[in-house]
>>> print(open('entry20.txt').read())   # compact mmCIF, C-alpha atoms
# COMPACT_ATOMS: atom_id res chain seq x y z
CA MET A 1 -19.66 71.06 -76.24
CA PRO A 2 -19.77 71.76 -72.49
CA SER A 3 -18.95 68.69 -70.47
CA ARG A 4 -20.53 67.10 -67.46
CA ARG A 5 -18.23 66.52 -64.49
CA THR A 6 -16.92 62.99 -64.34
CA SER A 7 -16.23 60.97 -61.24
CA ALA A 8 -12.54 61.74 -61.65
CA ASP A 9 -13.29 65.47 -61.47
CA ALA A 10 -15.36 65.17 -58.29
CA PRO A 11 -13.95 66.33 -54.95
CA GLU A 12 -12.67 63.68 -52.55
CA ASP A 13 -15.90 63.89 -50.56
CA ALA A 14 -18.26 63.24 -53.44
CA GLU A 15 -21.25 63.48 -51.10
CA SER A 16 -20.34 66.78 -49.49
CA PRO A 17 -23.34 69.05 -48.90
CA GLN A 18 -24.01 71.79 -51.38
CA GLN A 19 -24.73 75.30 -50.19
CA ASP A 20 -28.31 76.54 -50.34
CA ALA A 21 -27.20 80.10 -51.02
CA ALA A 22 -26.28 79.54 -54.64
CA PRO A 23 -26.31 76.70 -57.15
CA SER A 24 -23.14 74.95 -58.14
CA THR A 25 -21.30 76.32 -61.13
CA ALA A 26 -19.03 73.34 -61.56
CA GLY A 27 -18.26 72.76 -65.20
CA SER A 28 -19.45 76.30 -65.93
CA GLU A 29 -18.29 78.56 -68.68
CA PRO A 30 -16.16 81.64 -67.98
CA GLY A 31 -18.01 84.22 -65.95
CA GLY A 32 -19.81 81.62 -63.82
CA HIS A 33 -22.55 80.82 -66.32
CA ALA A 34 -23.75 77.24 -66.36
CA PRO A 35 -23.05 75.21 -69.50
CA VAL A 36 -25.87 74.59 -71.95
CA SER A 37 -26.04 71.30 -73.82
CA ARG A 38 -27.26 71.05 -77.40
CA ARG A 39 -29.91 68.58 -76.30
CA ALA A 40 -31.15 70.94 -73.62
CA VAL A 41 -31.36 73.84 -76.08
CA ILE A 42 -33.51 71.74 -78.41
CA GLY A 43 -35.76 70.72 -75.54
CA TRP A 44 -36.19 74.27 -74.28
CA ALA A 45 -36.89 75.60 -77.72
CA GLY A 46 -39.64 73.03 -78.15
CA ALA A 47 -41.13 73.98 -74.79
CA GLY A 48 -41.16 77.68 -75.65
CA VAL A 49 -38.76 78.74 -72.89
CA ALA A 50 -37.04 82.10 -73.30
CA LEU A 51 -33.43 81.05 -73.58
CA GLY A 52 -32.03 84.55 -73.55
CA ALA A 53 -32.94 85.11 -69.90
CA ALA A 54 -32.61 81.55 -68.68
CA ALA A 55 -29.10 80.90 -69.92
CA VAL A 56 -27.41 83.58 -67.85
CA GLY A 57 -26.55 82.83 -64.21
CA SER A 58 -29.12 82.11 -61.51
CA VAL A 59 -32.59 83.57 -61.80
CA ALA A 60 -34.39 84.83 -58.70
CA VAL A 61 -38.12 84.41 -59.28
CA ALA A 62 -40.24 86.71 -57.16
CA THR A 63 -43.39 85.00 -55.95
CA GLY A 64 -45.03 87.79 -54.03
CA GLN A 65 -45.53 85.38 -51.12
CA GLY A 66 -42.11 85.40 -49.52
CA ASP A 67 -38.47 85.78 -50.37
CA PRO A 68 -37.43 85.21 -53.99
CA VAL A 69 -36.74 81.61 -54.97
CA ALA A 70 -33.19 81.13 -56.23
CA VAL A 71 -33.65 79.13 -59.41
CA PRO A 72 -30.37 77.47 -60.42
CA ALA A 73 -28.98 78.50 -63.77
CA VAL A 74 -29.75 76.34 -66.76
CA GLY A 75 -27.67 73.21 -66.27
CA GLY A 76 -27.04 74.04 -62.60
CA ASP A 77 -27.28 71.84 -59.51
CA VAL A 78 -30.08 71.69 -56.96
CA PRO A 79 -28.77 70.85 -53.45
CA PHE A 80 -29.43 67.23 -52.53
CA PHE A 81 -28.87 67.47 -48.77
CA GLY A 82 -31.29 69.44 -46.63
CA GLU A 83 -34.16 69.48 -44.18
CA HIS A 84 -36.69 68.49 -46.84
CA GLN A 85 -36.32 66.39 -49.96
CA SER A 86 -35.72 68.39 -53.10
CA GLY A 87 -38.24 68.00 -55.89
CA ILE A 88 -41.20 69.04 -53.76
CA ALA A 89 -41.02 72.80 -53.16
CA THR A 90 -38.16 73.12 -55.67
CA PRO A 91 -38.92 75.32 -58.71
CA VAL A 92 -40.53 72.88 -61.13
CA GLN A 93 -38.35 71.61 -63.96
CA ASP A 94 -39.59 70.91 -67.48
CA ARG A 95 -39.15 67.12 -67.66
CA LEU A 96 -40.13 64.13 -65.54
CA HIS A 97 -39.35 60.45 -65.26
CA PHE A 98 -41.39 58.89 -62.48
CA ALA A 99 -40.94 55.24 -61.51
CA ALA A 100 -42.75 53.01 -59.03
CA PHE A 101 -40.89 49.92 -57.80
CA ASP A 102 -41.92 46.69 -56.15
CA VAL A 103 -39.56 44.88 -53.78
CA SER A 104 -38.86 41.38 -55.09
CA ALA A 105 -40.22 38.33 -53.31
CA THR A 106 -36.73 37.13 -52.37
CA ALA A 107 -35.53 40.45 -50.92
CA THR A 108 -34.74 40.80 -47.22
CA ARG A 109 -34.80 43.82 -44.97
CA GLU A 110 -30.99 43.89 -45.10
CA SER A 111 -30.86 43.79 -48.90
CA LEU A 112 -33.47 46.55 -49.18
CA VAL A 113 -31.53 48.75 -46.74
CA ARG A 114 -28.39 48.15 -48.79
CA VAL A 115 -30.16 49.32 -51.95
CA LEU A 116 -31.47 52.46 -50.23
CA LYS A 117 -27.94 53.31 -49.08
CA GLU A 118 -26.55 52.82 -52.57
CA TRP A 119 -29.43 54.78 -54.09
CA THR A 120 -28.66 57.71 -51.79
CA LYS A 121 -25.01 57.79 -52.80
CA ALA A 122 -25.94 57.62 -56.46
CA ALA A 123 -28.61 60.33 -56.08
CA ALA A 124 -26.15 62.69 -54.38
CA ALA A 125 -23.69 62.14 -57.23
CA MET A 126 -26.14 62.52 -60.11
CA THR A 127 -27.90 65.61 -58.73
CA GLY A 128 -24.43 67.12 -58.34
CA GLY A 129 -23.58 66.47 -61.97
CA ARG A 130 -21.27 63.52 -61.29
CA GLU A 131 -21.18 59.97 -62.54
CA VAL A 132 -22.19 57.07 -60.33
CA GLY A 133 -19.37 55.17 -58.63
CA SER A 134 -16.26 54.87 -60.78
CA GLY A 135 -18.15 56.14 -63.82
CA ALA A 136 -19.18 54.89 -67.23
CA ALA A 137 -15.78 54.46 -68.86
CA SER A 138 -13.48 53.37 -66.06
CA GLY A 139 -13.17 50.50 -63.62
CA LEU A 140 -12.41 46.90 -64.47
CA PRO A 141 -12.77 46.16 -68.20
CA GLN A 142 -14.09 42.71 -67.29
CA ALA A 143 -16.98 44.16 -65.22
CA PRO A 144 -20.00 46.28 -66.14
CA PRO A 145 -19.38 50.00 -65.51
CA ASP A 146 -20.89 51.70 -62.47
CA ASP A 147 -22.70 54.30 -64.60
CA THR A 148 -24.81 53.63 -67.68
CA GLY A 149 -23.20 56.59 -69.45
CA GLU A 150 -25.99 58.22 -71.44
CA ALA A 151 -25.60 61.48 -69.47
CA LEU A 152 -21.88 61.87 -70.18
CA GLY A 153 -21.19 65.40 -71.36
CA LEU A 154 -24.44 66.76 -69.92
CA PRO A 155 -24.78 69.15 -66.96
CA ALA A 156 -26.93 68.33 -63.95
CA SER A 157 -29.87 70.21 -65.53
CA ARG A 158 -31.43 70.94 -62.10
CA LEU A 159 -31.99 67.23 -61.51
CA THR A 160 -33.87 66.38 -58.34
CA LEU A 161 -34.65 62.90 -57.01
CA THR A 162 -37.45 62.36 -54.51
CA VAL A 163 -38.17 59.00 -52.87
CA GLY A 164 -41.41 57.74 -51.36
CA PHE A 165 -42.70 54.59 -49.61
CA GLY A 166 -46.05 53.05 -50.54
CA PRO A 167 -48.59 51.34 -48.25
CA SER A 168 -47.64 47.91 -49.61
CA LEU A 169 -44.07 48.29 -48.30
CA PHE A 170 -45.48 48.18 -44.76
CA GLU A 171 -47.87 45.33 -45.35
CA LYS A 172 -48.79 43.37 -48.48
CA ASP A 173 -51.52 40.74 -48.54
CA GLY A 174 -51.52 40.75 -44.74
CA VAL A 175 -47.79 40.03 -44.51
CA ASP A 176 -45.33 42.35 -42.73
CA ARG A 177 -42.28 41.42 -44.78
CA PHE A 178 -39.84 43.96 -43.39
CA GLY A 179 -41.05 44.55 -39.85
CA LEU A 180 -42.52 47.94 -40.75
CA ARG A 181 -46.24 47.46 -40.10
CA ALA A 182 -46.20 49.33 -36.79
CA ARG A 183 -44.37 52.26 -38.42
CA ARG A 184 -46.91 52.87 -41.15
CA PRO A 185 -48.37 56.39 -40.81
CA GLU A 186 -52.12 56.57 -40.38
CA ALA A 187 -52.18 59.19 -43.13
CA LEU A 188 -50.67 56.69 -45.62
CA ILE A 189 -54.06 55.27 -46.50
CA ASP A 190 -55.13 53.05 -49.34
CA LEU A 191 -56.84 55.67 -51.49
CA PRO A 192 -60.60 55.16 -51.86
CA LYS A 193 -62.14 54.53 -55.25
CA PHE A 194 -63.44 57.80 -56.60
CA ARG A 195 -66.41 58.21 -58.89
CA GLY A 196 -65.35 57.79 -62.51
CA ASP A 197 -62.06 56.00 -61.74
CA SER A 198 -61.00 53.37 -64.25
CA LEU A 199 -57.68 52.40 -62.71
CA ASP A 200 -55.24 50.07 -64.42
CA PRO A 201 -53.52 47.95 -61.75
CA ALA A 202 -50.42 47.81 -63.96
CA ARG A 203 -50.14 51.60 -63.68
CA SER A 204 -51.05 51.92 -60.03
CA GLY A 205 -49.50 51.31 -56.62
CA GLY A 206 -45.92 50.40 -55.79
CA ASP A 207 -43.77 49.64 -52.75
CA LEU A 208 -41.40 52.53 -53.52
CA CYS A 209 -41.29 55.46 -55.91
CA VAL A 210 -38.64 57.79 -57.26
CA GLN A 211 -39.56 61.08 -58.91
CA ALA A 212 -36.80 62.39 -61.20
CA CYS A 213 -37.25 65.95 -62.47
CA ALA A 214 -34.79 67.79 -64.70
CA ASP A 215 -34.64 70.29 -67.54
CA ASP A 216 -33.13 67.66 -69.84
CA PRO A 217 -35.14 64.45 -70.39
CA GLN A 218 -32.01 62.37 -70.87
CA VAL A 219 -30.72 63.41 -67.44
CA ALA A 220 -33.99 62.37 -65.79
CA VAL A 221 -34.11 59.03 -67.62
CA HIS A 222 -30.44 58.41 -66.82
CA ALA A 223 -31.17 58.86 -63.10
CA ILE A 224 -34.03 56.36 -62.99
CA ARG A 225 -32.12 53.90 -65.16
CA ASN A 226 -29.13 53.92 -62.83
CA LEU A 227 -31.27 53.47 -59.73
CA ALA A 228 -33.09 50.56 -61.38
CA ARG A 229 -29.72 49.02 -62.29
CA ILE A 230 -28.43 49.40 -58.74
CA GLY A 231 -31.59 47.84 -57.31
CA MET A 232 -31.73 44.92 -59.74
CA GLY A 233 -32.62 41.68 -57.95
CA VAL A 234 -34.00 43.55 -54.94
CA VAL A 235 -36.44 45.99 -56.52
CA ASN A 236 -38.15 45.89 -59.92
CA VAL A 237 -39.83 48.65 -61.89
CA ARG A 238 -43.60 48.21 -61.55
CA TRP A 239 -44.52 51.09 -63.84
CA SER A 240 -43.06 54.38 -64.97
CA GLN A 241 -44.17 57.61 -66.60
CA LEU A 242 -42.38 60.19 -68.71
CA GLY A 243 -43.65 63.75 -68.55
CA PHE A 244 -42.94 67.05 -70.25
CA GLY A 245 -44.09 70.64 -70.11
CA LYS A 246 -44.79 71.25 -66.42
CA THR A 247 -48.47 72.04 -65.87
CA SER A 248 -48.07 73.61 -62.43
CA SER A 249 -45.44 75.89 -60.97
CA THR A 250 -44.01 76.46 -57.48
CA THR A 251 -42.87 79.90 -58.67
CA PRO A 252 -46.31 81.45 -59.26
CA GLU A 253 -45.03 84.79 -60.55
CA ALA A 254 -43.16 83.06 -63.35
CA GLN A 255 -44.87 82.23 -66.62
CA THR A 256 -47.94 80.12 -65.90
CA PRO A 257 -47.83 76.83 -67.80
CA ARG A 258 -50.68 75.39 -69.86
CA ASN A 259 -51.99 71.86 -69.94
CA LEU A 260 -52.77 69.89 -73.11
CA MET A 261 -56.26 71.40 -73.16
CA GLY A 262 -54.62 74.76 -73.73
CA PHE A 263 -55.59 76.30 -70.38
CA LYS A 264 -53.28 77.79 -67.80
CA ASP A 265 -53.06 75.72 -64.65
CA GLY A 266 -51.56 76.21 -61.21
CA THR A 267 -52.22 79.94 -60.95
CA HIS A 268 -52.84 79.65 -57.21
CA ASN A 269 -50.37 76.86 -56.49
CA ILE A 270 -48.33 77.05 -53.29
CA ALA A 271 -45.09 78.98 -53.80
CA GLY A 272 -41.86 77.23 -52.98
CA SER A 273 -40.74 80.33 -51.09
CA ASP A 274 -43.90 80.59 -48.95
CA ALA A 275 -42.65 78.93 -45.76
CA GLY A 276 -45.92 79.58 -43.97
CA ALA A 277 -48.07 77.89 -46.63
CA LEU A 278 -45.65 74.99 -46.92
CA ALA A 279 -45.75 74.43 -43.15
CA GLU A 280 -49.54 74.64 -43.12
CA HIS A 281 -50.31 72.51 -46.17
CA VAL A 282 -47.26 70.46 -47.24
CA TRP A 283 -44.76 69.49 -44.52
CA VAL A 284 -45.70 66.98 -41.82
CA GLY A 285 -45.25 68.56 -38.41
CA PRO A 286 -43.88 67.06 -35.16
CA GLY A 287 -46.35 64.69 -33.53
CA GLU A 288 -48.46 64.31 -36.67
CA GLY A 289 -47.55 60.67 -37.12
CA PRO A 290 -44.39 58.61 -36.69
CA GLU A 291 -41.26 60.64 -36.07
CA TRP A 292 -39.64 59.45 -39.30
CA MET A 293 -42.24 61.43 -41.31
CA THR A 294 -41.63 64.77 -39.57
CA GLY A 295 -40.51 67.20 -42.25
CA GLY A 296 -41.78 64.92 -45.00
CA SER A 297 -44.90 65.01 -47.16
CA TYR A 298 -47.49 62.69 -48.68
CA LEU A 299 -47.51 62.27 -52.45
CA VAL A 300 -50.49 61.31 -54.59
CA ALA A 301 -49.71 60.39 -58.20
CA ARG A 302 -52.60 60.15 -60.65
CA ARG A 303 -52.40 59.37 -64.35
CA ILE A 304 -55.27 61.30 -65.94
CA ARG A 305 -56.20 60.48 -69.52
CA MET A 306 -57.56 63.43 -71.52
CA HIS A 307 -60.03 62.77 -74.31
CA ILE A 308 -58.42 65.48 -76.36
CA GLU A 309 -60.07 64.59 -79.69
CA THR A 310 -63.47 65.26 -78.13
CA TRP A 311 -62.13 68.36 -76.39
CA ASP A 312 -60.76 69.75 -79.65
CA ARG A 313 -64.26 69.66 -81.16
CA THR A 314 -65.79 71.52 -78.21
CA PRO A 315 -66.75 75.20 -78.77
CA LEU A 316 -64.49 77.78 -77.12
CA LYS A 317 -67.31 79.19 -74.96
CA GLU A 318 -68.04 75.74 -73.57
CA GLN A 319 -64.34 75.11 -72.89
CA GLU A 320 -64.12 78.38 -70.94
CA ASP A 321 -67.30 77.58 -69.00
CA ILE A 322 -65.82 74.22 -67.99
CA PHE A 323 -62.69 75.83 -66.56
CA GLY A 324 -64.16 79.14 -65.37
CA ARG A 325 -61.38 81.12 -67.09
CA ASN A 326 -60.90 82.63 -70.51
CA LYS A 327 -58.46 80.70 -72.65
CA GLY A 328 -56.28 83.53 -73.92
CA GLU A 329 -55.27 85.48 -70.81
CA GLY A 330 -56.38 82.88 -68.29
CA ALA A 331 -58.40 85.46 -66.37
CA PRO A 332 -61.25 84.23 -64.16
CA PHE A 333 -64.74 85.08 -65.35
CA GLY A 334 -65.52 88.75 -64.91
CA LYS A 335 -61.84 89.73 -64.50
CA LEU A 336 -59.16 91.06 -66.83
CA LYS A 337 -55.94 89.46 -65.63
CA GLU A 338 -55.02 85.90 -64.80
CA ARG A 339 -54.09 86.67 -61.20
CA ASP A 340 -57.08 88.86 -60.42
CA ALA A 341 -59.00 87.56 -57.43
CA PRO A 342 -61.72 85.30 -58.85
CA ASP A 343 -65.41 85.95 -58.36
CA LEU A 344 -66.43 82.34 -57.92
CA LYS A 345 -70.13 83.14 -58.14
CA ALA A 346 -69.56 84.51 -61.65
CA MET A 347 -68.48 81.04 -62.80
CA PRO A 348 -70.76 78.11 -63.61
CA GLU A 349 -71.41 76.02 -60.51
CA ASP A 350 -69.73 72.98 -62.05
CA SER A 351 -66.67 74.83 -63.41
CA HIS A 352 -63.31 73.36 -62.48
CA VAL A 353 -61.82 76.51 -60.94
CA ARG A 354 -64.88 77.20 -58.80
CA LEU A 355 -64.98 73.67 -57.40
CA ALA A 356 -61.23 73.37 -56.84
CA HIS A 357 -60.53 76.84 -55.45
CA PRO A 358 -59.48 77.02 -51.76
CA ASP A 359 -62.38 79.40 -51.04
CA SER A 360 -64.77 76.60 -52.01
CA ASN A 361 -62.96 74.07 -49.84
CA ASP A 362 -62.46 75.76 -46.46
CA GLY A 363 -58.98 76.94 -47.46
CA LEU A 364 -57.76 73.48 -48.45
CA MET A 365 -54.62 73.56 -50.62
CA ILE A 366 -52.24 71.04 -52.15
CA LEU A 367 -48.89 71.57 -53.82
CA ARG A 368 -49.07 70.41 -57.44
CA ARG A 369 -46.20 69.32 -59.70
CA GLY A 370 -48.08 68.01 -62.74
CA PHE A 371 -46.66 67.16 -66.18
CA SER A 372 -48.21 66.49 -69.57
CA PHE A 373 -47.68 63.14 -71.28
CA THR A 374 -48.25 61.52 -74.65
CA ASP A 375 -47.78 57.75 -74.89
CA GLY A 376 -48.56 56.84 -78.49
CA THR A 377 -52.11 55.81 -79.34
CA ASP A 378 -54.81 53.79 -77.63
CA GLY A 379 -55.26 51.43 -80.57
CA LEU A 380 -58.43 53.20 -81.68
CA GLY A 381 -56.78 56.05 -83.54
CA ARG A 382 -56.73 58.40 -80.56
CA LEU A 383 -53.72 59.87 -78.78
CA GLU A 384 -52.91 58.38 -75.38
CA ALA A 385 -52.33 61.74 -73.76
CA GLY A 386 -53.11 63.66 -70.64
CA LEU A 387 -51.86 64.88 -67.29
CA PHE A 388 -49.61 63.08 -64.84
CA PHE A 389 -50.82 64.74 -61.67
CA LEU A 390 -48.52 64.93 -58.64
CA ALA A 391 -49.84 66.43 -55.41
CA TYR A 392 -47.94 66.88 -52.14
CA GLN A 393 -49.75 67.52 -48.87
CA ARG A 394 -49.42 67.36 -45.10
CA ASP A 395 -52.20 64.77 -44.72
CA THR A 396 -53.85 63.13 -47.74
CA ARG A 397 -56.98 62.32 -45.76
CA LYS A 398 -57.59 66.04 -45.21
CA ALA A 399 -56.40 67.33 -48.59
CA PHE A 400 -56.47 65.29 -51.78
CA VAL A 401 -59.23 62.89 -50.71
CA PRO A 402 -61.95 65.46 -49.90
CA LEU A 403 -60.91 67.62 -52.86
CA GLN A 404 -61.05 64.74 -55.32
CA GLN A 405 -64.36 63.52 -53.92
CA ARG A 406 -65.79 66.97 -54.61
CA LEU A 407 -64.34 67.16 -58.12
CA ALA A 408 -65.25 63.59 -59.06
CA GLY A 409 -68.87 64.23 -58.21
CA SER A 410 -69.52 67.61 -59.82
CA ASP A 411 -66.70 68.84 -62.09
CA ALA A 412 -67.82 69.51 -65.69
CA LEU A 413 -64.29 68.59 -66.76
CA ASN A 414 -65.01 64.93 -65.98
CA GLU A 415 -66.68 64.53 -69.38
CA TYR A 416 -63.25 64.96 -70.97
CA ILE A 417 -60.90 63.18 -68.53
CA GLN A 418 -60.56 59.86 -66.76
CA HIS A 419 -58.27 58.79 -63.93
CA VAL A 420 -56.54 55.60 -65.12
CA GLY A 421 -53.60 55.26 -62.69
CA SER A 422 -53.16 56.00 -59.01
CA ALA A 423 -50.57 55.67 -56.24
CA HIS A 424 -49.91 57.04 -52.77
CA PHE A 425 -46.52 57.41 -51.08
CA ALA A 426 -45.04 58.74 -47.85
CA CYS A 427 -42.01 60.88 -48.70
CA PRO A 428 -39.78 61.28 -45.62
CA ALA A 429 -37.73 64.33 -44.69
CA GLY A 430 -34.55 65.11 -46.56
CA VAL A 431 -31.15 63.50 -46.15
CA ARG A 432 -29.41 66.10 -44.02
CA LYS A 433 -25.73 65.19 -44.48
CA PRO A 434 -23.37 62.73 -46.14
CA GLY A 435 -23.41 59.29 -44.55
CA GLU A 436 -27.17 59.36 -43.98
CA TRP A 437 -29.52 57.63 -46.42
CA TRP A 438 -33.06 57.55 -47.73
CA GLY A 439 -35.36 55.85 -45.21
CA GLN A 440 -32.78 55.70 -42.42
CA ALA A 441 -35.21 56.96 -39.78
CA LEU A 442 -37.84 54.47 -40.96
CA PHE A 443 -35.58 51.42 -40.90
CA GLY A 444 -33.42 52.53 -37.96
>>> encode(input="entry20.txt", output="structure tokens")
Amino acid sequence: MPSRRTSADAPEDAESPQQDAAPSTAGSEPGGHAPVSRRAVIGWAGAGVALGAAAVGSVAVATGQGDPVAVPAVGGDVPFFGEHQSGIATPVQDRLHFAAFDVSATATRESLVRVLKEWTKAAAAMTGGREVGSGAASGLPQAPPDDTGEALGLPASRLTLTVGFGPSLFEKDGVDRFGLRARRPEALIDLPKFRGDSLDPARSGGDLCVQACADDPQVAVHAIRNLARIGMGVVNVRWSQLGFGKTSSTTPEAQTPRNLMGFKDGTHNIAGSDAGALAEHVWVGPGEGPEWMTGGSYLVARRIRMHIETWDRTPLKEQEDIFGRNKGEGAPFGKLKERDAPDLKAMPEDSHVRLAHPDSNDGLMILRRGFSFTDGTDGLGRLEAGLFFLAYQRDTRKAFVPLQQRLAGSDALNEYIQHVGSAHFACPAGVRKPGEWWGQALFG
């Protein structure tokens, strides 16, 4: 069984930057190939991933919109330090654990800063395939270990951790708890109520969020669990969501994923290698708000319930009319291939693709990182299943809000879905070097 690096194996500078040119091969097998865990193999097999190609070295995915994206080998590391936070334009992994946190009533600005510093150290370690602190099986026997230990023996699995700050961190119930009110970006709005919303407050909002993505679900869960443990007494988990089977891709020329309705999604998503599109639609530019958000992005998270039992009894022709694509190939109406330029006028006026396409929205685009979910049943004999929608954009007021207002009012898909959770976060620029920490420019 290939082993995950332990804290004892880590270099002296455990937070040293990783090179962007190639993923880490620490703990790799002879020949530089990343190790593959048994758990990961099972997960990939279930997701239908072609192991033969993925298990050998790094894979360069050509997007047709820029330079190839270097996708770390299975089990490899994604650099933590950089200009932008990883987990946004990064090639989308297969698994998600997303958590929203509230800051406790007794927390102070100093205690919150301390947690953010500790979180950053832990994130740098875990994304690099290392244990947190002194590890899970060392340290004082009389004290709890620094790492919870469920990821021992597992590679990094392309783990990324992305942090965001919600509107309520800056002001809650009219109170500026941490002296941040004046630093709240104008673009970090309280999202309006959209037509058809049935939002559960217990699954919405949050002072902070952490998005953990990985190719192994245990690695993603381990990351959130350790951050929650570190923050205990200062921050508390408000809600969380597990996701699987990415439903959008930042490597558009790779295999297009399908959602739980069986349709391909994200065909025209922004490519992680398309620097021009990212600058235009995703990254906050200089002067577009407070300086601490330059190089960051705004995240909208929406939990979308799918009424899949009703959908499964819907005729194929009606399903295709609702999306504006055929179900097999994913080609737009009147075309043969999935990536053929769509003829929007050939689609029904209320079809999802026609309403959401950039050509119908003055070129508006968002970067999507959605995941499917199933959370048991709803108590009425129906699966609690759907899409956990994640959208990154340069300014939510000019991207997600107008797009969702259009879709909420006219999309034929609304008969089969309902938005039941919602949150909005400002995700700052990346941590550029060891010694810096998440939110430093905001709290500095």
>>> closest_residue(input="entry20.txt", among="A:Ile417, A:Val353, A:Leu364, A:Ala423", to="Lys193 (chain A)", atoms="only C-alpha atoms")
A:Ala423
>>> atom_distance(input="entry20.txt", atom1="CA of Gly205 (chain A)", atom2="CA of Glu280 (chain A)")
27.0 Å
>>> residues_around(input="entry20.txt", residues="Leu260 (chain A)", least_positions_apart="3", cutoff="9 Å", atoms="only C-alpha atoms", output="list of chain:residue names")
A:Thr247, A:Phe263, A:Met306, A:Ile308, A:Ser372, A:Phe373, A:Ala385, A:Gly386, A:Leu387
>>> write_last_selection(input="entry20.txt", atoms="C-alpha atoms", output="compact mmCIF listing (two decimals), in the coordinates of the input")
# COMPACT_ATOMS: atom_id res chain seq x y z
CA THR A 247 -48.47 72.04 -65.87
CA PHE A 263 -55.59 76.30 -70.38
CA MET A 306 -57.56 63.43 -71.52
CA ILE A 308 -58.42 65.48 -76.36
CA SER A 372 -48.21 66.49 -69.57
CA PHE A 373 -47.68 63.14 -71.28
CA ALA A 385 -52.33 61.74 -73.76
CA GLY A 386 -53.11 63.66 -70.64
CA LEU A 387 -51.86 64.88 -67.29
>>> atom_distance(input="entry20.txt", atom1="CA of Arg114 (chain A)", atom2="CA of Arg95 (chain A)")
28.8 Å
>>> residues_around(input="entry20.txt", residues="Thr162 (chain A)", least_positions_apart="4", cutoff="6 Å", atoms="all atoms listed in the file", output="PyMOL selection string")
chain A and resi 87+210-211
